[in-house]
Structure formats: C-alpha cells, structure tokens
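Here is structure.cif, consisting of mmCIF, N, CA and C atoms:
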data_final
loop_
_atom_site.label_atom_id
_atom_site.label_comp_id
_atom_site.auth_asym_id
_atom_site.auth_seq_id
_atom_site.Cartn_x
_atom_site.Cartn_y
_atom_site.Cartn_z
N MET A 240 -15.11 28.87 -2.30
CA MET A 240 -15.64 27.73 -3.00
C MET A 240 -15.92 26.63 -1.99
N ARG A 241 -16.99 25.92 -2.19
CA ARG A 241 -17.36 24.81 -1.32
C ARG A 241 -16.75 23.52 -1.84
N THR A 242 -16.40 22.64 -0.91
CA THR A 242 -15.93 21.31 -1.27
C THR A 242 -16.25 20.37 -0.12
N THR A 243 -16.14 19.08 -0.38
CA THR A 243 -16.37 18.08 0.65
C THR A 243 -15.10 17.29 0.84
N LEU A 244 -14.74 17.09 2.10
CA LEU A 244 -13.57 16.29 2.44
C LEU A 244 -14.00 15.13 3.31
N ASP A 245 -13.43 13.97 3.06
CA ASP A 245 -13.63 12.82 3.93
C ASP A 245 -12.39 12.67 4.78
N LEU A 246 -12.54 12.92 6.07
CA LEU A 246 -11.42 12.85 7.00
C LEU A 246 -11.65 11.72 7.99
N PRO A 247 -10.58 11.09 8.44
CA PRO A 247 -10.73 10.11 9.52
C PRO A 247 -11.32 10.82 10.74
N ASP A 248 -12.13 10.10 11.50
CA ASP A 248 -12.80 10.70 12.66
C ASP A 248 -11.82 11.37 13.61
N GLU A 249 -10.71 10.69 13.92
CA GLU A 249 -9.74 11.25 14.86
C GLU A 249 -9.12 12.54 14.32
N THR A 250 -8.83 12.58 13.02
CA THR A 250 -8.27 13.79 12.41
C THR A 250 -9.27 14.93 12.51
N PHE A 251 -10.54 14.63 12.25
CA PHE A 251 -11.56 15.66 12.34
C PHE A 251 -11.68 16.20 13.77
N ARG A 252 -11.66 15.29 14.76
CA ARG A 252 -11.75 15.72 16.16
C ARG A 252 -10.58 16.64 16.53
N ARG A 253 -9.37 16.24 16.12
CA ARG A 253 -8.19 17.05 16.43
C ARG A 253 -8.28 18.42 15.75
N LEU A 254 -8.71 18.43 14.50
CA LEU A 254 -8.84 19.68 13.75
C LEU A 254 -9.88 20.59 14.40
N LYS A 255 -11.00 20.03 14.76
CA LYS A 255 -12.08 20.80 15.38
C LYS A 255 -11.61 21.37 16.73
N ALA A 256 -10.90 20.56 17.52
CA ALA A 256 -10.40 21.03 18.81
C ALA A 256 -9.37 22.14 18.63
N GLU A 257 -8.47 21.97 17.66
CA GLU A 257 -7.45 22.99 17.40
C GLU A 257 -8.10 24.30 16.97
N ALA A 258 -9.11 24.22 16.14
CA ALA A 258 -9.81 25.44 15.71
C ALA A 258 -10.43 26.14 16.92
N ALA A 259 -11.05 25.37 17.81
CA ALA A 259 -11.68 25.96 19.00
C ALA A 259 -10.63 26.61 19.91
N LEU A 260 -9.50 25.93 20.09
CA LEU A 260 -8.44 26.49 20.94
C LEU A 260 -7.89 27.80 20.38
N ARG A 261 -7.82 27.91 19.07
CA ARG A 261 -7.29 29.13 18.44
C ARG A 261 -8.36 30.20 18.25
N GLY A 262 -9.63 29.83 18.49
CA GLY A 262 -10.71 30.79 18.27
C GLY A 262 -11.06 30.96 16.79
N TYR A 263 -10.75 29.95 15.98
CA TYR A 263 -11.02 29.99 14.54
C TYR A 263 -12.28 29.19 14.23
N LYS A 264 -12.86 29.50 13.11
CA LYS A 264 -13.87 28.61 12.53
C LYS A 264 -13.10 27.46 11.90
N LEU A 265 -13.73 26.31 11.82
CA LEU A 265 -13.09 25.13 11.25
C LEU A 265 -12.57 25.42 9.84
N LYS A 266 -13.40 26.07 9.02
CA LYS A 266 -12.98 26.32 7.64
C LYS A 266 -11.79 27.27 7.57
N GLU A 267 -11.66 28.19 8.54
CA GLU A 267 -10.52 29.10 8.56
C GLU A 267 -9.22 28.33 8.85
N LEU A 268 -9.29 27.42 9.82
CA LEU A 268 -8.10 26.65 10.16
C LEU A 268 -7.70 25.72 9.02
N VAL A 269 -8.67 25.08 8.39
CA VAL A 269 -8.37 24.19 7.26
C VAL A 269 -7.73 25.00 6.14
N ALA A 270 -8.28 26.16 5.84
CA ALA A 270 -7.70 27.00 4.79
C ALA A 270 -6.28 27.42 5.14
N GLU A 271 -6.02 27.74 6.42
CA GLU A 271 -4.67 28.12 6.84
C GLU A 271 -3.69 26.96 6.66
N PHE A 272 -4.10 25.78 7.09
CA PHE A 272 -3.23 24.61 6.96
C PHE A 272 -2.95 24.29 5.48
N ILE A 273 -3.94 24.40 4.66
CA ILE A 273 -3.75 24.13 3.23
C ILE A 273 -2.80 25.16 2.62
N GLU A 274 -2.99 26.43 2.96
CA GLU A 274 -2.10 27.48 2.46
C GLU A 274 -0.65 27.23 2.88
N ARG A 275 -0.47 26.88 4.16
CA ARG A 275 0.88 26.60 4.64
C ARG A 275 1.51 25.45 3.86
N GLY A 276 0.75 24.41 3.64
CA GLY A 276 1.25 23.27 2.90
C GLY A 276 1.60 23.62 1.47
N LEU A 277 0.77 24.40 0.83
CA LEU A 277 1.04 24.81 -0.55
C LEU A 277 2.24 25.74 -0.63
N ASN A 278 2.37 26.64 0.34
CA ASN A 278 3.50 27.57 0.34
C ASN A 278 4.83 26.88 0.63
N ALA A 279 4.78 25.76 1.34
CA ALA A 279 6.00 25.03 1.67
C ALA A 279 6.59 24.36 0.44
N GLY A 280 5.78 24.13 -0.57
CA GLY A 280 6.27 23.49 -1.79
C GLY A 280 6.45 22.01 -1.62
N PRO A 281 6.85 21.35 -2.68
CA PRO A 281 7.01 19.89 -2.61
C PRO A 281 8.16 19.51 -1.68
N GLN A 282 7.95 18.49 -0.91
CA GLN A 282 8.96 18.01 0.02
C GLN A 282 9.55 16.72 -0.52
N PRO A 283 10.87 16.61 -0.58
CA PRO A 283 11.46 15.36 -1.04
C PRO A 283 11.18 14.25 -0.04
N THR A 284 10.85 13.09 -0.56
CA THR A 284 10.57 11.95 0.30
C THR A 284 11.42 10.77 -0.13
N ALA A 285 11.71 9.92 0.84
CA ALA A 285 12.50 8.72 0.54
C ALA A 285 11.65 7.68 -0.18
N GLN A 286 10.36 7.71 0.07
CA GLN A 286 9.44 6.74 -0.55
C GLN A 286 8.42 7.50 -1.37
N SER A 287 7.76 6.77 -2.26
CA SER A 287 6.65 7.40 -2.97
C SER A 287 5.54 7.65 -1.96
N PRO A 288 4.72 8.69 -2.17
CA PRO A 288 3.71 9.02 -1.18
C PRO A 288 2.62 7.97 -1.03
N ARG A 289 2.39 7.18 -2.06
CA ARG A 289 1.34 6.18 -1.98
C ARG A 289 1.89 4.83 -2.42
N ALA A 290 1.50 3.81 -1.71
CA ALA A 290 1.87 2.47 -2.12
C ALA A 290 0.92 2.04 -3.24
N VAL A 291 1.46 1.36 -4.21
CA VAL A 291 0.63 0.87 -5.32
C VAL A 291 0.51 -0.63 -5.18
N TYR A 292 -0.70 -1.11 -5.12
CA TYR A 292 -0.96 -2.53 -4.96
C TYR A 292 -1.63 -3.06 -6.21
N ALA A 293 -1.26 -4.27 -6.58
CA ALA A 293 -1.95 -4.93 -7.68
C ALA A 293 -3.35 -5.30 -7.20
N ILE A 294 -4.33 -5.11 -8.04
CA ILE A 294 -5.71 -5.39 -7.66
C ILE A 294 -6.23 -6.48 -8.58
N PRO A 295 -6.99 -7.45 -8.19
CA PRO A 295 -7.42 -7.66 -6.82
C PRO A 295 -6.41 -8.48 -6.03
N ILE A 296 -6.45 -8.31 -4.74
CA ILE A 296 -5.64 -9.11 -3.84
C ILE A 296 -6.63 -9.90 -2.99
N ALA A 297 -6.47 -11.20 -2.97
CA ALA A 297 -7.39 -12.03 -2.20
C ALA A 297 -6.60 -13.10 -1.46
N ARG A 298 -6.97 -13.32 -0.24
CA ARG A 298 -6.36 -14.38 0.55
C ARG A 298 -7.46 -15.37 0.90
N GLU A 299 -7.23 -16.62 0.53
CA GLU A 299 -8.21 -17.67 0.79
C GLU A 299 -8.20 -18.03 2.27
N ALA A 300 -9.22 -18.74 2.72
CA ALA A 300 -9.31 -19.15 4.12
C ALA A 300 -8.13 -20.01 4.54
N ASP A 301 -7.57 -20.77 3.60
CA ASP A 301 -6.43 -21.62 3.94
C ASP A 301 -5.10 -20.86 3.91
N GLY A 302 -5.14 -19.55 3.62
CA GLY A 302 -3.94 -18.74 3.63
C GLY A 302 -3.28 -18.55 2.28
N THR A 303 -3.72 -19.28 1.27
CA THR A 303 -3.13 -19.09 -0.06
C THR A 303 -3.58 -17.76 -0.63
N VAL A 304 -2.73 -17.16 -1.42
CA VAL A 304 -3.01 -15.85 -2.00
C VAL A 304 -3.34 -16.03 -3.47
N THR A 305 -4.45 -15.43 -3.88
CA THR A 305 -4.81 -15.43 -5.29
C THR A 305 -3.94 -14.39 -5.98
N PRO A 306 -3.28 -14.75 -7.07
CA PRO A 306 -2.39 -13.78 -7.72
C PRO A 306 -3.17 -12.59 -8.27
N ALA A 307 -2.48 -11.49 -8.40
CA ALA A 307 -3.09 -10.30 -8.98
C ALA A 307 -3.45 -10.59 -10.43
N LEU A 308 -4.54 -10.04 -10.88
CA LEU A 308 -5.01 -10.24 -12.24
C LEU A 308 -4.97 -8.92 -13.00
N ASN A 309 -4.68 -9.01 -14.29
CA ASN A 309 -4.79 -7.80 -15.09
C ASN A 309 -6.26 -7.62 -15.49
N ASN A 310 -6.58 -6.52 -16.13
CA ASN A 310 -7.98 -6.23 -16.47
C ASN A 310 -8.59 -7.28 -17.37
N ALA A 311 -7.84 -7.78 -18.35
CA ALA A 311 -8.37 -8.78 -19.28
C ALA A 311 -8.68 -10.08 -18.55
N GLN A 312 -7.78 -10.50 -17.64
CA GLN A 312 -8.01 -11.72 -16.88
C GLN A 312 -9.22 -11.57 -15.96
N LEU A 313 -9.34 -10.43 -15.32
CA LEU A 313 -10.47 -10.17 -14.44
C LEU A 313 -11.77 -10.18 -15.23
N GLN A 314 -11.78 -9.54 -16.39
CA GLN A 314 -12.99 -9.51 -17.22
C GLN A 314 -13.37 -10.91 -17.67
N ALA A 315 -12.38 -11.74 -18.01
CA ALA A 315 -12.66 -13.11 -18.42
C ALA A 315 -13.31 -13.89 -17.28
N LEU A 316 -12.81 -13.73 -16.05
CA LEU A 316 -13.43 -14.40 -14.90
C LEU A 316 -14.87 -13.94 -14.69
N LEU A 317 -15.08 -12.64 -14.79
CA LEU A 317 -16.43 -12.11 -14.61
C LEU A 317 -17.37 -12.61 -15.70
N ASP A 318 -16.87 -12.66 -16.94
CA ASP A 318 -17.68 -13.19 -18.04
C ASP A 318 -18.04 -14.65 -17.80
N ASP A 319 -17.07 -15.46 -17.33
CA ASP A 319 -17.33 -16.87 -17.04
C ASP A 319 -18.38 -17.01 -15.95
N GLU A 320 -18.29 -16.16 -14.91
CA GLU A 320 -19.28 -16.21 -13.83
C GLU A 320 -20.66 -15.83 -14.34
N ASP A 321 -20.73 -14.79 -15.19
CA ASP A 321 -22.01 -14.38 -15.77
C ASP A 321 -22.62 -15.50 -16.61
N LEU A 322 -21.79 -16.16 -17.41
CA LEU A 322 -22.26 -17.25 -18.25
C LEU A 322 -22.78 -18.39 -17.40
N ALA A 323 -22.03 -18.75 -16.35
CA ALA A 323 -22.46 -19.83 -15.47
C ALA A 323 -23.78 -19.48 -14.79
N GLN A 324 -23.93 -18.23 -14.35
CA GLN A 324 -25.17 -17.79 -13.71
C GLN A 324 -26.33 -17.87 -14.70
N THR A 325 -26.10 -17.43 -15.90
CA THR A 325 -27.15 -17.45 -16.92
C THR A 325 -27.56 -18.88 -17.22
N GLN A 326 -26.61 -19.79 -17.30
CA GLN A 326 -26.92 -21.19 -17.59
C GLN A 326 -27.68 -21.84 -16.44
N ARG A 327 -27.43 -21.42 -15.21
CA ARG A 327 -28.18 -21.95 -14.07
C ARG A 327 -29.62 -21.46 -14.10
N VAL A 328 -29.81 -20.21 -14.52
CA VAL A 328 -31.15 -19.64 -14.54
C VAL A 328 -31.95 -20.15 -15.72
N ALA A 329 -31.33 -20.24 -16.87
CA ALA A 329 -32.02 -20.67 -18.08
C ALA A 329 -31.17 -21.73 -18.79
N PRO A 330 -31.22 -23.00 -18.33
CA PRO A 330 -30.42 -24.04 -18.97
C PRO A 330 -30.81 -24.22 -20.42
N HIS A 331 -29.83 -24.62 -21.25
CA HIS A 331 -30.07 -24.77 -22.68
C HIS A 331 -30.97 -25.97 -23.00
N ASP A 332 -31.00 -26.96 -22.12
CA ASP A 332 -31.76 -28.16 -22.43
C ASP A 332 -33.23 -28.03 -22.02
N THR A 333 -33.69 -26.89 -21.59
CA THR A 333 -35.09 -26.70 -21.22
C THR A 333 -35.92 -26.57 -22.50
N PRO A 334 -36.93 -27.41 -22.66
CA PRO A 334 -37.76 -27.31 -23.86
C PRO A 334 -38.56 -26.02 -23.86
N ARG A 335 -38.65 -25.42 -25.03
CA ARG A 335 -39.42 -24.17 -25.16
C ARG A 335 -40.79 -24.52 -25.69
N THR A 336 -41.79 -23.82 -25.18
CA THR A 336 -43.16 -24.09 -25.65
C THR A 336 -43.74 -22.90 -26.32
#
Please, can you express the file's structure as structure tokens?
Amino acid sequence: MRTTLDLPDETFRRLKAEAALRGYKLKELVAEFIERGLNAGPQPTAQSPRAVYAIPIAREADGTVTPALNNAQLQALLDDEDLAQTQRVAPHDTPRT
C-alpha cells in the first residue's frame, strides 16, 4: 500500500543513508523499522507522548500572554472582527440610491 509521510529533513537524510549502508531500498528499511516498532508493543512512558497545549497561544510584543480561549470565545472574537470589517466596507449610514 502507498502512503505519504512527512519527515524532518535530518531524519530523512539519516534514514536514506542507513538504507544505503545496509543495501536496502528506502521503503524496505522503513517497513522493517515499523515492523520492529509494532512487534515491540506499547512501551510504558513516564510522560504522555504528546504535550497538549491550549489553543490559541499568543504572546504580545510587550511580553504579555493572551489567555487560551475556548471555541465559543474564539468564534465570538472572529464574529466581532467580521462584523467590524463589514461595517468598514459598507457603513450603515451610507445613503442608498
């Protein structure tokens, strides 16, 4: 089966070099590494594998941090910006002809 992977450049270079040193095609080495990882089973870790960050995170030029917003708060901000943009483009006090 075909698939696409996005790898960091350095990881790709190391993988490509390792495949060449072993006389493997790149896809053969990747398949071998994946099989080894799957056969090893889950490994207990002290930390969760991924850090979870509240989104959005913004730091102002003065160093203050904008607090994380939930989806409803973010949508309200976007709606306010859309309304302000619409009012700038088509103000209500413009006479219609």
Practice item. Record the distance separating CA of Ala259 (chain A) and atom C of Glu271 (chain A), expressed in Å with one decimal. Key: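 The value is 14.7 Å.
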Show me, as JSON, the centre and edge lengths in Å to one decimal of the axis-aligned box that covers every listed atom of region 269-281 of chain A with 4 Å on each side.
{"center_x": -0.3, "center_y": 23.8, "center_z": 2.9, "size_x": 24.8, "size_y": 16.6, "size_z": 19.1}
query: How far is it from atom C of Ala256 (chain A) to CA of Leu268 (chain A), in Å with one decimal?
result: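 Answer for the atom C of Ala256 (chain A) to CA of Leu268 (chain A) separation: 9.7 Å.
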> In Å, how far is it from atom C of Lys264 (chain A) to atom C of Arg252 (chain A)?
Replying inline: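 Rounded to one decimal, the two atoms are 12.0 Å apart.
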